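Only one structure is covered here, and it is reproduced in the block below.
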Protein chains: 2
Amino acid sequence: MRLREAGEIAFLGALRQALAGGGPSVRVGPGDDAAVVDCPPGRSLVVSCDAAVEGRHFRRAWFSEPEIGARAVRSALSDLAAMGACPAAALLTLIVSPDEEVALAQALVEGAGAAAAELGAPLVGGETVGSAGPLTLDVLVAGFVRSGRELRRSGAQPQDVVAVSGTLGDSAAGLAALTAGLTGPEAEAVVRRYKVPEPRLALGALLTDCEGVHAAIDVSDGLLQDAGHVAEQSGVAIELFAEALPLSPAARVVARELGLDPLAWALSGGEDFELLITVSGPEYGRVQHRARRDCGIELLAIGQVSDGQGVSVRRLDGTSGQLPSTPGWDHFRCG
Amino acid sequence: MRLREAGEIAFLGALRQALAGGGPSVRVGPGDDAAVVDCPPGRSLVVSCDAAVEGRHFRRAWFSEPEIGARAVRSALSDLAAMGACPAAALLTLIVSPDEEVALAQALVEGAGAAAAELGAPLVGGETVGSAGPLTLDVLVAGFVRSGRELRRSGAQPQDVVAVSGTLGDSAAGLAALTAGLTGPEAEAVVRRYKVPEPRLALGALLTDCEGVHAAIDVSDGLLQDAGHVAEQSGVAIELFAEALPLSPAARVVARELGLDPLAWALSGGEDFELLITVSGPEYGRVQHRARRDCGIELLAIGQVSDGQGVSVRRLDGTSGQLPSTPGWDHFRCG
């Protein structure tokens with residue numbers, strides 16, 4: 001049955017059944033005028049929203065419907081990770097043609113709901129709107145952070161170490177592998193990183209408890225662009241070391257198969273959703289140790305903060321070889 | 001300049017300047033990965049989202065760009081009013097064609113930001129996405145309510161008085177007046193109700209402090225449909241009295257000019273954003289008095305709750321005349 005025939009009320013009723021309705025802190029879940037969530041004491045509210053548009057952020061050919069919903073939620077939650085917030089709730093606005101099947105919308109919401117529940121942000125409500133435009137999911141996430149300990153983009157200080165979690169460029173490698181139709185274990189590994197991003201929530205929360213962490217951002221637009229946000233908002237310069245950027249073995253293999261330079265993916269690919277942080281030098285080792293011990297996440301030093309402005313990339317091998325250069329993600333220019 | 005040429009970063013920079021950035025409770029405003037807002041003690045978080053799509057919820061011919069932004073925010077805040085929450089912050093997701101002018105997007109955001117600031121929910125962030133579809137604004141609102149005192153749809157009890165604030169049907173009358181090109185003071189009055197909805201935030205907050213208020217909803221889909229939500233979620237029947245429904249003098253005049261029955265607007269028009277509540281009989285007079293004294297708002301008794309299910313409308317004059325019947329707003333079926 002199509003949405004046009006089922007009507008919104010029937011659809012919402014079905015959705016309500018599909019949603020878990022939250023955990024112990026959810027006082028009012030889906031179905032009322034708004035959702036109500038308990039605030040833990042000593043915490044501040046953290047809110048963000050993130051939209052995924054068909055053709056720009058996903059293609060139906062590459063994703064099942066639950067995967068589309070889940071990816072939208074996972075991407076949105078990365079913003080909470082970048083602030084060091086613990087997720088508390090999510091809302092989903094689904095903008096969908098009335099000519100679509102009810103089953104499609106239900107599968108989208110079920111995928112979103114499952115991912116949200118898994119990551120601690122129960123889907124407590126949302127909105128469905130019929131529209132002739134492309135299928136669009138706008139995800140709102142709310143969480144809480146210890147008041148005054150939120151991670152900011154604006155606190156980087158000269159002499160800070162610039163570090164990043166995990167590996168960079170895998171998501172772009174996955175997109176390239178999908179586009180080229182590559183198969184094999186390495187292609188599957190990076191495709192999975194593209195399709196199922198992992199917001200670094202535990203790491204973000206841990207960092208709010210570490211001394212010396214001065215700035216943080218999630219790598220969503222691409223390393224160069226996101227480092228640029230930190231540099232600009234902190235009033236500092238950031239130098240990145242090309243050879244230090246963490247590339248996964250899978251991304252290297254996929255790049256070789258495609259005859260491409262994986263460094264371009266690491267610098268500009270975006271949607272890795274790793275955390276980029278700046279940490280005071282004397283504290284960096286301790287932070288790195290705690291990330292490994294408490295979250296099982298490797299932090300790697302990839303650059304340094306200094307007086308000045310802008311982002312530059314240095315080749316440590318002393319060559320002045322041309323860096324692969326592409327702009328980061330721009331919602332108006334690219335796609 | 002078009003958005004495609006300006007790029008997202010330039011656009012976001014301009015937006016940041018346009019936004020007030022919040023009040024004293026906003027720790028982190030626009031420009032970081034997420035916004036951070038202080039939580040008042042003893043309060044629960046209330047969150048909701050509401051989308052406005054060009055061609056379905058507004059037409060550019062009838063609204064200036066700031067009015068479109070303001071209306072989206074005002075409509076969204078009505079959900080907080082219906083829960084009795086005080087607004088704290090708003091986020092705007094703007095889904096807009098890259099071929100639109102930067103000035104259009106800025107005017108939308110400025111209108112949204114001004115309305116949000118006026119109503120106590122500073123615009124603390126958002127998201128812009130290029131899309132070929134219709135211009136769409138998705139507004140997320142967050143507020144706080146005294147824990148355990150939130151107004152629910154589900155608490156109506158048999159013998160409760162059903163009451164509504166203000167007048168009903170004006171928004172539909174305004175839409176009809178715009179469509180027909182009516183002029184004159186009455187048409188202007190209802191057009192204003194359509195274009196500049198007034199979320200009943202002060203009344204909602206007051207009701208959380210009143211004994212005997214068992215259920216509340218905002219009249220957004222139309223009285224019949226919204227009363228139906230309360231009846232269904234409370235497991236009760238609601239009877240409405242046709243002659244008791246509050247029609248404004250302006251709506252009556254416009255209806256007469258158009259040869260229409262204003263009762264249809266009151267029953268099914270929607271988007272009045274008045275509050276529909278059920279109150280225990282013995283407390284009703286006190287609640288009505290406080291609404292008048294503290295908020296300057298008239299509550300009118302329009303029906304009664306009883307055992308059973310569904311919503312019915314009785315003509316008090318004893319006739320069994322046919323009621324004007326139209327369905328309430330349905331995001332998939334109508335528009």
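Labels used: A, B, ... for chains in the order of the structure tokens, numbers from 1 for residues in each chain, and numbers from 1 for ligands as shown.
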Quiz prompt | Shell of 6 Å around Gly84 (chain A), only C-alpha atoms, local chain residues under 6 positions omitted, as a VMD selection string | solution = chain A and resid 150 to 151 204 to 205 208
Save out the residues we just selected, C-alpha atoms, as a tab-separated table (two decimals), in the first residue's frame.
chain	number	residue	atom	x	y	z
A	150	GLU	CA	31.87	20.02	26.31
A	151	LEU	CA	34.49	19.64	23.56
A	204	GLY	CA	34.08	11.65	22.92
A	205	ALA	CA	32.70	11.05	26.39
A	208	THR	CA	35.57	15.26	28.40
Quiz prompt | region 155-164 of chain B environment, 7 Å, only C-alpha atoms, sequence neighbours closer than 4 positions dropped, as a ChimeraX atom specification | solution = /B:214-215,234,236,274-281,299-307
Using the selection just defined, write its residues with N, CA and C atoms as a compact mmCIF listing (two decimals), in the first residue's frame.
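Output contents, as saved in part_10.txt:
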# COMPACT_ATOMS: atom_id res chain seq x y z
N HIS B 214 -6.10 17.34 32.75
CA HIS B 214 -5.79 15.92 32.53
C HIS B 214 -5.16 15.63 31.18
N ALA B 215 -5.46 16.43 30.17
CA ALA B 215 -4.93 16.16 28.84
C ALA B 215 -4.83 17.46 28.07
N SER B 234 -6.44 8.41 25.29
CA SER B 234 -6.94 8.37 26.66
C SER B 234 -7.92 7.22 26.88
N VAL B 236 -11.13 7.16 25.84
CA VAL B 236 -12.41 7.77 26.23
C VAL B 236 -13.15 8.23 24.97
N GLU B 274 -4.32 26.59 18.68
CA GLU B 274 -4.90 26.79 20.01
C GLU B 274 -4.70 25.50 20.82
N LEU B 275 -4.85 25.60 22.14
CA LEU B 275 -4.73 24.40 22.97
C LEU B 275 -6.12 23.84 23.27
N LEU B 276 -6.24 22.55 23.05
CA LEU B 276 -7.44 21.79 23.43
C LEU B 276 -7.09 21.02 24.68
N ILE B 277 -7.87 21.22 25.74
CA ILE B 277 -7.54 20.54 27.00
C ILE B 277 -8.78 19.86 27.57
N THR B 278 -8.55 18.90 28.44
CA THR B 278 -9.65 18.35 29.24
C THR B 278 -9.31 18.58 30.71
N VAL B 279 -10.32 19.04 31.45
CA VAL B 279 -10.12 19.46 32.84
C VAL B 279 -11.23 18.85 33.68
N SER B 280 -10.89 18.43 34.88
CA SER B 280 -11.93 17.90 35.76
C SER B 280 -12.95 19.00 36.04
N GLY B 281 -14.23 18.64 36.05
CA GLY B 281 -15.31 19.61 36.19
C GLY B 281 -15.12 20.57 37.36
N LEU B 299 -10.52 30.68 27.81
CA LEU B 299 -10.84 29.27 27.58
C LEU B 299 -12.34 29.15 27.45
N LEU B 300 -12.78 28.31 26.52
CA LEU B 300 -14.21 28.11 26.33
C LEU B 300 -14.49 26.62 26.39
N ALA B 301 -15.52 26.27 27.17
CA ALA B 301 -15.92 24.86 27.25
C ALA B 301 -16.66 24.49 25.96
N ILE B 302 -16.20 23.44 25.29
CA ILE B 302 -16.81 23.08 24.01
C ILE B 302 -17.28 21.63 23.96
N GLY B 303 -17.15 20.93 25.08
CA GLY B 303 -17.59 19.53 25.03
C GLY B 303 -17.32 18.82 26.33
N GLN B 304 -17.48 17.51 26.28
CA GLN B 304 -17.39 16.71 27.48
C GLN B 304 -16.78 15.34 27.16
N VAL B 305 -16.07 14.82 28.13
CA VAL B 305 -15.48 13.48 28.00
C VAL B 305 -16.43 12.48 28.65
N SER B 306 -16.53 11.29 28.04
CA SER B 306 -17.34 10.24 28.65
C SER B 306 -16.70 8.88 28.37
N ASP B 307 -17.23 7.86 28.98
CA ASP B 307 -16.78 6.51 28.65
C ASP B 307 -17.09 6.22 27.19
Per residue of chain A within 7 Å of chain B, record the nearest atom pair and its distance in Å to one decimal, counting only C-alpha atoms, with rows in chain order and ascending residue number, as CSV.
residue,atom,partner,partner_atom,distance
A:Leu3,CA,B:Phe332,CA,6.3
A:Arg4,CA,B:Phe332,CA,5.1
A:Gly7,CA,B:Phe332,CA,5.6
A:Glu8,CA,B:Asp330,CA,5.8
A:Asp32,CA,B:Arg153,CA,6.1
A:Asp33,CA,B:Asp79,CA,5.2
A:Ala34,CA,B:Ser48,CA,4.8
A:Ala35,CA,B:Val47,CA,5.4
A:Val36,CA,B:Val46,CA,4.5
A:Val37,CA,B:Leu45,CA,5.0
A:Asp38,CA,B:Ser44,CA,4.6
A:Cys39,CA,B:Ser44,CA,5.4
A:Arg43,CA,B:Cys39,CA,6.9
A:Ser44,CA,B:Asp38,CA,4.6
A:Leu45,CA,B:Val37,CA,5.0
A:Val46,CA,B:Val36,CA,4.5
A:Val47,CA,B:Ala35,CA,5.4
A:Ser48,CA,B:Ala34,CA,4.8
A:Cys49,CA,B:Gly126,CA,6.2
A:Asp50,CA,B:Glu127,CA,6.4
A:Asp79,CA,B:Asp33,CA,5.2
A:Leu80,CA,B:Ala34,CA,6.7
A:Ala82,CA,B:Asp33,CA,6.4
A:Met83,CA,B:Asp33,CA,6.7
A:Pro98,CA,B:Phe332,CA,5.4
A:Gly126,CA,B:Cys49,CA,6.2
A:Glu127,CA,B:Asp50,CA,6.3
A:Val129,CA,B:His331,CA,5.5
A:Gly130,CA,B:Phe332,CA,5.1
A:Ala132,CA,B:Gly133,CA,6.6
A:Gly133,CA,B:Gly133,CA,3.7
A:Pro134,CA,B:Gly133,CA,6.0
A:Arg152,CA,B:Asp32,CA,6.7
A:Arg153,CA,B:Asp32,CA,6.1
A:Ile217,CA,B:Asp33,CA,6.7
A:Asp330,CA,B:Glu8,CA,5.8
A:His331,CA,B:Val129,CA,5.4
A:Phe332,CA,B:Arg4,CA,5.1
A:Arg333,CA,B:Arg4,CA,5.2
Exercise. Per DSSP on the backbone, filter region 153-217 of chain B down to the residues in alpha helix (DSSP H) and report them as JSON, numbers by chain.
Key: {"B": [170, 171, 172, 173, 174, 175, 176, 177, 178, 179, 180, 185, 186, 187, 188, 189, 190, 191, 192, 193, 194, 195, 201, 202, 203, 204, 205, 206, 207]}
Quiz item: Please, what distance in Å, to one decimal, runs between CA of Ala173 (chain A) and CA of Gly259 (chain A)?
Solution: 11.9 Å
Practice problem: Per DSSP on the backbone, filter region 13-238 of chain B down to the residues in strand (DSSP E or B) and report them as a count of residues only. | Solution: 64
Spatial neighbours of Ala266 (chain A), 7 Å, only C-alpha atoms, chain gap at least 3 places, as a tab-separated table (two decimals) with N, CA and C atoms, in the first residue's frame:
chain	number	residue	atom	x	y	z
A	168	LEU	N	41.69	7.14	8.33
A	168	LEU	CA	41.02	8.15	7.51
A	168	LEU	C	40.93	7.71	6.05
A	169	GLY	N	39.87	8.09	5.37
A	169	GLY	CA	39.77	7.83	3.94
A	169	GLY	C	39.01	6.55	3.59
A	223	LEU	N	39.26	15.82	6.18
A	223	LEU	CA	40.25	16.25	7.18
A	223	LEU	C	40.69	17.70	6.98
A	262	PRO	N	45.55	7.04	-2.09
A	262	PRO	CA	44.66	7.02	-0.91
A	262	PRO	C	44.82	8.27	-0.04
A	263	LEU	N	45.92	8.97	-0.20
A	263	LEU	CA	46.12	10.19	0.59
A	263	LEU	C	45.03	11.23	0.29
A	269	GLY	N	38.33	13.13	1.81
A	269	GLY	CA	37.20	12.23	1.56
A	269	GLY	C	35.97	12.55	2.39
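Note that the spacing between CA of Arg200 (chain B) and CA of Arg149 (chain B) amounts to 16.8 Å.
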Self-check item: Point-to-point distance from CA of Arg146 (chain A) to CA of Arg290 (chain A), Å rounded to tenths
Solution: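 Distance reported for this atom pair: 18.6 Å.
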